[in-house]
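Have a look at the structure below, then the notes.
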Amino acid sequence: MPIRSWMFVPGDSEKKLGKAPGLGADVIIIDLEDAVAPEAKAAARDMTRHWLEQVRAADPAEGAPQYWVRINPLDTSLWHRDVEAVMPGKPAGLMVPKATGPDQMRRLVEMLYELEPRNGVAPGTTQLLPLVSETPRAAITIPAYGTGDVEMPRLAGLTWGAEDLSAAIGATRKRDADGRWTDAFRMVRAQVLLTAHAAGVAAIDTLHADFRDMTGLQRVARDAYQDGFAGMLAIHPSQVAPINAAFTPGAEELAEARAIVDLFAQNPGAGALQLDGRMIDQPHLVQAQKLLARAG
C-alpha cells in the first residue's frame, strides 16, 4: 500500500474523524498527543476506539487509508492508557512521539505482545513509527535504530519533527532566507533518511508547517521524494493532494526504470550497459527496481 501522505486528525473531534476516510491520505494518524488538551485525553481515547471499531466494522472502500494512532510520549503516565484504550480498534500502527531510542521502544513492544491477543490482533502486526528528533537526547539516538544489533521487527519507518526540537534547543529559526533547513535540522533530517534506509524501513519527512503555502509545500515535498523519502506528514487536508502528487513517480521516470530493468534482463551477467547514449550499471538497476516497486 502507498504511504505517501500521513495526515494528522485530532482524536477528540468527531467531525474531523468523520471526514478522515475521504481526505485522500494514504495514512490517517489519529492524534492523542499535541492535538488534544490534557482535560480531553480520556474522552479522546474513547472516541478514537469507538471510531476505529466503526471503521473496521464497515466494508472498507477501495483505496481506504491505513489508520494509525499517535499516543502520548513514553516518558509520561498517559501512554499506557492510550494503548490499552485503542487496541480494541485494531489500529494498523502507533506513532510514538519524543522517542528516545530503541531501548525505550521495547517497553511499548512488550505491552503490545500482551494486548494484541486479548483484542483479536495477530501478535507482532501492530507497527511502530517513532518520532525520533523532538528532543536533543532523542536526536542523538537516531543512528541506533539502524545498527545491526537492534532488532525491531515492528518498525515501519522513522520520522522527525522540527517544532519541538527548535523549542528544546532555543532556536529562533529553522530555515534560512532561502527556505532551506539550517544546520541542526538538516543534520537530523539526513540522519533519519540514512538510518531508515539502513534499517530497511520507510523514511517519512516532517510536515510543512505553513499549510497555506502550497508553492513551498510542493517544493519541499518534491525535494523529499528526490532525496529518498517515502512519504511526508501533513497537518491540513489541503496538503494531501500535493504530497501524493510529489511522491508519485512520473510517467517518464517509470518508463526509464522499465527500460533499465528490461535491458539488464536481456543481458544477464552484464555489469555495465549503454542506454540512450549513457552508461548504466548495477546501482542504476537497483534504483530502477526500487522505483518500480514503489509504484506497485
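Starting from 1 in every chain, residues are counted up; chains themselves are A, B, ... following the order of the C-alpha cells, and ligands are numbered from 1 as listed.
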Those in region 107-148 of chain A with strand (DSSP E or B) from DSSP, as a PDB file with N, CA and C atoms, in the first residue's frame:
```
ATOM      1  N   GLN A 127       2.267  -2.047  13.935  1.00  0.00           N
ATOM      2  CA  GLN A 127       3.533  -1.438  13.552  1.00  0.00           C
ATOM      3  C   GLN A 127       3.831  -0.189  14.388  1.00  0.00           C
ATOM      4  N   LEU A 128       5.076   0.263  14.301  1.00  0.00           N
ATOM      5  CA  LEU A 128       5.511   1.425  15.068  1.00  0.00           C
ATOM      6  C   LEU A 128       6.223   2.426  14.166  1.00  0.00           C
ATOM      7  N   LEU A 129       5.940   3.703  14.403  1.00  0.00           N
ATOM      8  CA  LEU A 129       6.632   4.795  13.715  1.00  0.00           C
ATOM      9  C   LEU A 129       7.062   5.811  14.765  1.00  0.00           C
ATOM     10  N   PRO A 130       8.309   5.765  15.216  1.00  0.00           N
ATOM     11  CA  PRO A 130       8.761   6.736  16.213  1.00  0.00           C
ATOM     12  C   PRO A 130       9.108   8.087  15.597  1.00  0.00           C
ATOM     13  N   LEU A 131       8.731   9.135  16.310  1.00  0.00           N
ATOM     14  CA  LEU A 131       9.208  10.486  16.018  1.00  0.00           C
ATOM     15  C   LEU A 131      10.518  10.641  16.783  1.00  0.00           C
TER      16      LEU A 131
END
```
Tell me, which residues of region 7-211 of chain A carry DSSP alpha helix (DSSP H), written as a ChimeraX atom specification?
-> /A:14-19,41-57,79-86,102-118,136-139,163-169,183-199
Can you pull out every residue within 12 Å of Ala245 (chain A), counting only C-alpha atoms, but drop anything in the same chain fewer than 5 positions away, and send it as JSON, numbers by chain?
-> {"A": [2, 4, 5, 24, 25, 26, 217, 218, 219, 221, 222, 225, 231, 232, 239, 240, 250]}
Could you write out that same residue set with C-alpha atoms as a PDB file, in the first residue's frame?
```pdb
ATOM      1  CA  PRO A   2       1.212   3.545  -0.667  1.00  0.00           C
ATOM      2  CA  ARG A   4       2.964   8.936   0.706  1.00  0.00           C
ATOM      3  CA  SER A   5       0.763  11.177   2.869  1.00  0.00           C
ATOM      4  CA  GLY A  24      -7.307  11.057   0.155  1.00  0.00           C
ATOM      5  CA  ALA A  25      -4.441  10.431   2.569  1.00  0.00           C
ATOM      6  CA  ASP A  26      -2.642   7.108   2.457  1.00  0.00           C
ATOM      7  CA  LEU A 217       4.836  22.586   0.105  1.00  0.00           C
ATOM      8  CA  GLN A 218       5.164  21.415  -3.488  1.00  0.00           C
ATOM      9  CA  ARG A 219       8.858  22.294  -3.458  1.00  0.00           C
ATOM     10  CA  ALA A 221       7.635  17.534  -0.952  1.00  0.00           C
ATOM     11  CA  ARG A 222       9.323  17.081  -4.312  1.00  0.00           C
ATOM     12  CA  TYR A 225      10.876  12.489  -2.829  1.00  0.00           C
ATOM     13  CA  GLY A 231       6.326   9.998   2.319  1.00  0.00           C
ATOM     14  CA  MET A 232       5.602  13.111   4.329  1.00  0.00           C
ATOM     15  CA  GLN A 239      -1.697  19.331   1.855  1.00  0.00           C
ATOM     16  CA  VAL A 240      -2.675  15.759   0.990  1.00  0.00           C
ATOM     17  CA  GLY A 250       6.020  10.299 -13.181  1.00  0.00           C
TER      18      GLY A 250
END
```
So which one's closest to Leu74 (chain A), A:Val261, A:Ala92, A:Ala57, A:Val109? Using only C-alpha atoms, please.
-> A:Val109
Using only C-alpha atoms, pick whichever of A:Leu165, A:Ala209, A:Leu78, A:Ala224 has the shortest atom-to-atom distance to Leu193 (chain A).
->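 Ranked by minimum distance to Leu193 (chain A), first place goes to A:Ala224.
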Using only C-alpha atoms, pick whichever of A:Leu23, A:Thr195, A:Glu114, A:Glu256 has the shortest atom-to-atom distance to Ser238 (chain A).
->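 Between A:Leu23, A:Thr195, A:Glu114, A:Glu256, the residue approaching Ser238 (chain A) most closely is A:Leu23.
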What is the CA of Gln226 (chain A) to CA of Asp213 (chain A) distance in Å?
->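 These atoms are spaced 20.1 Å apart.
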Separating CA of Pro21 (chain A) from CA of Glu84 (chain A), to the nearest tenth of an Å, is a gap of 23.6 Å
Within 12 Å of Met187 (chain A) using only C-alpha atoms, minus same-chain residues under 3 positions, as a ChimeraX atom specification | /A:133,139-140,142-143,160,162,174,181-184,190-195
Skip region 42-44 of chain A itself and residues of its chain fewer than 6 positions away, then list as a compact mmCIF listing (two decimals) with N, CA and C atoms, in the first residue's frame all residues within 8 Å of it, counting only C-alpha atoms.
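Ended up saving to around15.txt:
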```txt
# COMPACT_ATOMS: atom_id res chain seq x y z
N GLY A 11 -7.95 13.33 17.82
CA GLY A 11 -8.73 12.22 18.32
C GLY A 11 -9.96 12.62 19.11
N ASP A 12 -10.13 13.92 19.37
CA ASP A 12 -11.30 14.37 20.14
C ASP A 12 -12.29 15.15 19.29
N SER A 13 -12.16 15.06 17.95
CA SER A 13 -13.06 15.79 17.06
C SER A 13 -13.87 14.80 16.23
N LEU A 32 -3.64 11.61 19.73
CA LEU A 32 -4.00 11.72 21.14
C LEU A 32 -3.00 12.58 21.90
N VAL A 36 -4.71 17.25 21.40
CA VAL A 36 -5.73 17.04 22.42
C VAL A 36 -5.29 17.67 23.73
```
Hey, what's within 8 Å of Asn72 (chain A) if we count only C-alpha atoms and toss same-chain stuff fewer than 2 positions away? As a VMD selection string, please?
-> chain A and resid 32 to 33 70 74 76 78 to 79 82 96 to 97
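Atom pair CA of Ala255 (chain A) / CA of Ile280 (chain A): separated by 15.1 Å.
Shortest separation to Val27 (chain A) among A:Ala144, A:Leu112, A:Leu233, A:Leu207 occurs at residue A:Leu233, atoms counted being only C-alpha atoms.
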Compile the contact shell of Asp31 (chain A) as a PyMOL selection string: residues with an atom at most 12 Å away, counting only C-alpha atoms, same-chain residues fewer than 6 positions apart removed.
-> chain A and resi 6-13+16-17+37+40-41+44-45+47-49+67-73+82+86+94-97+235
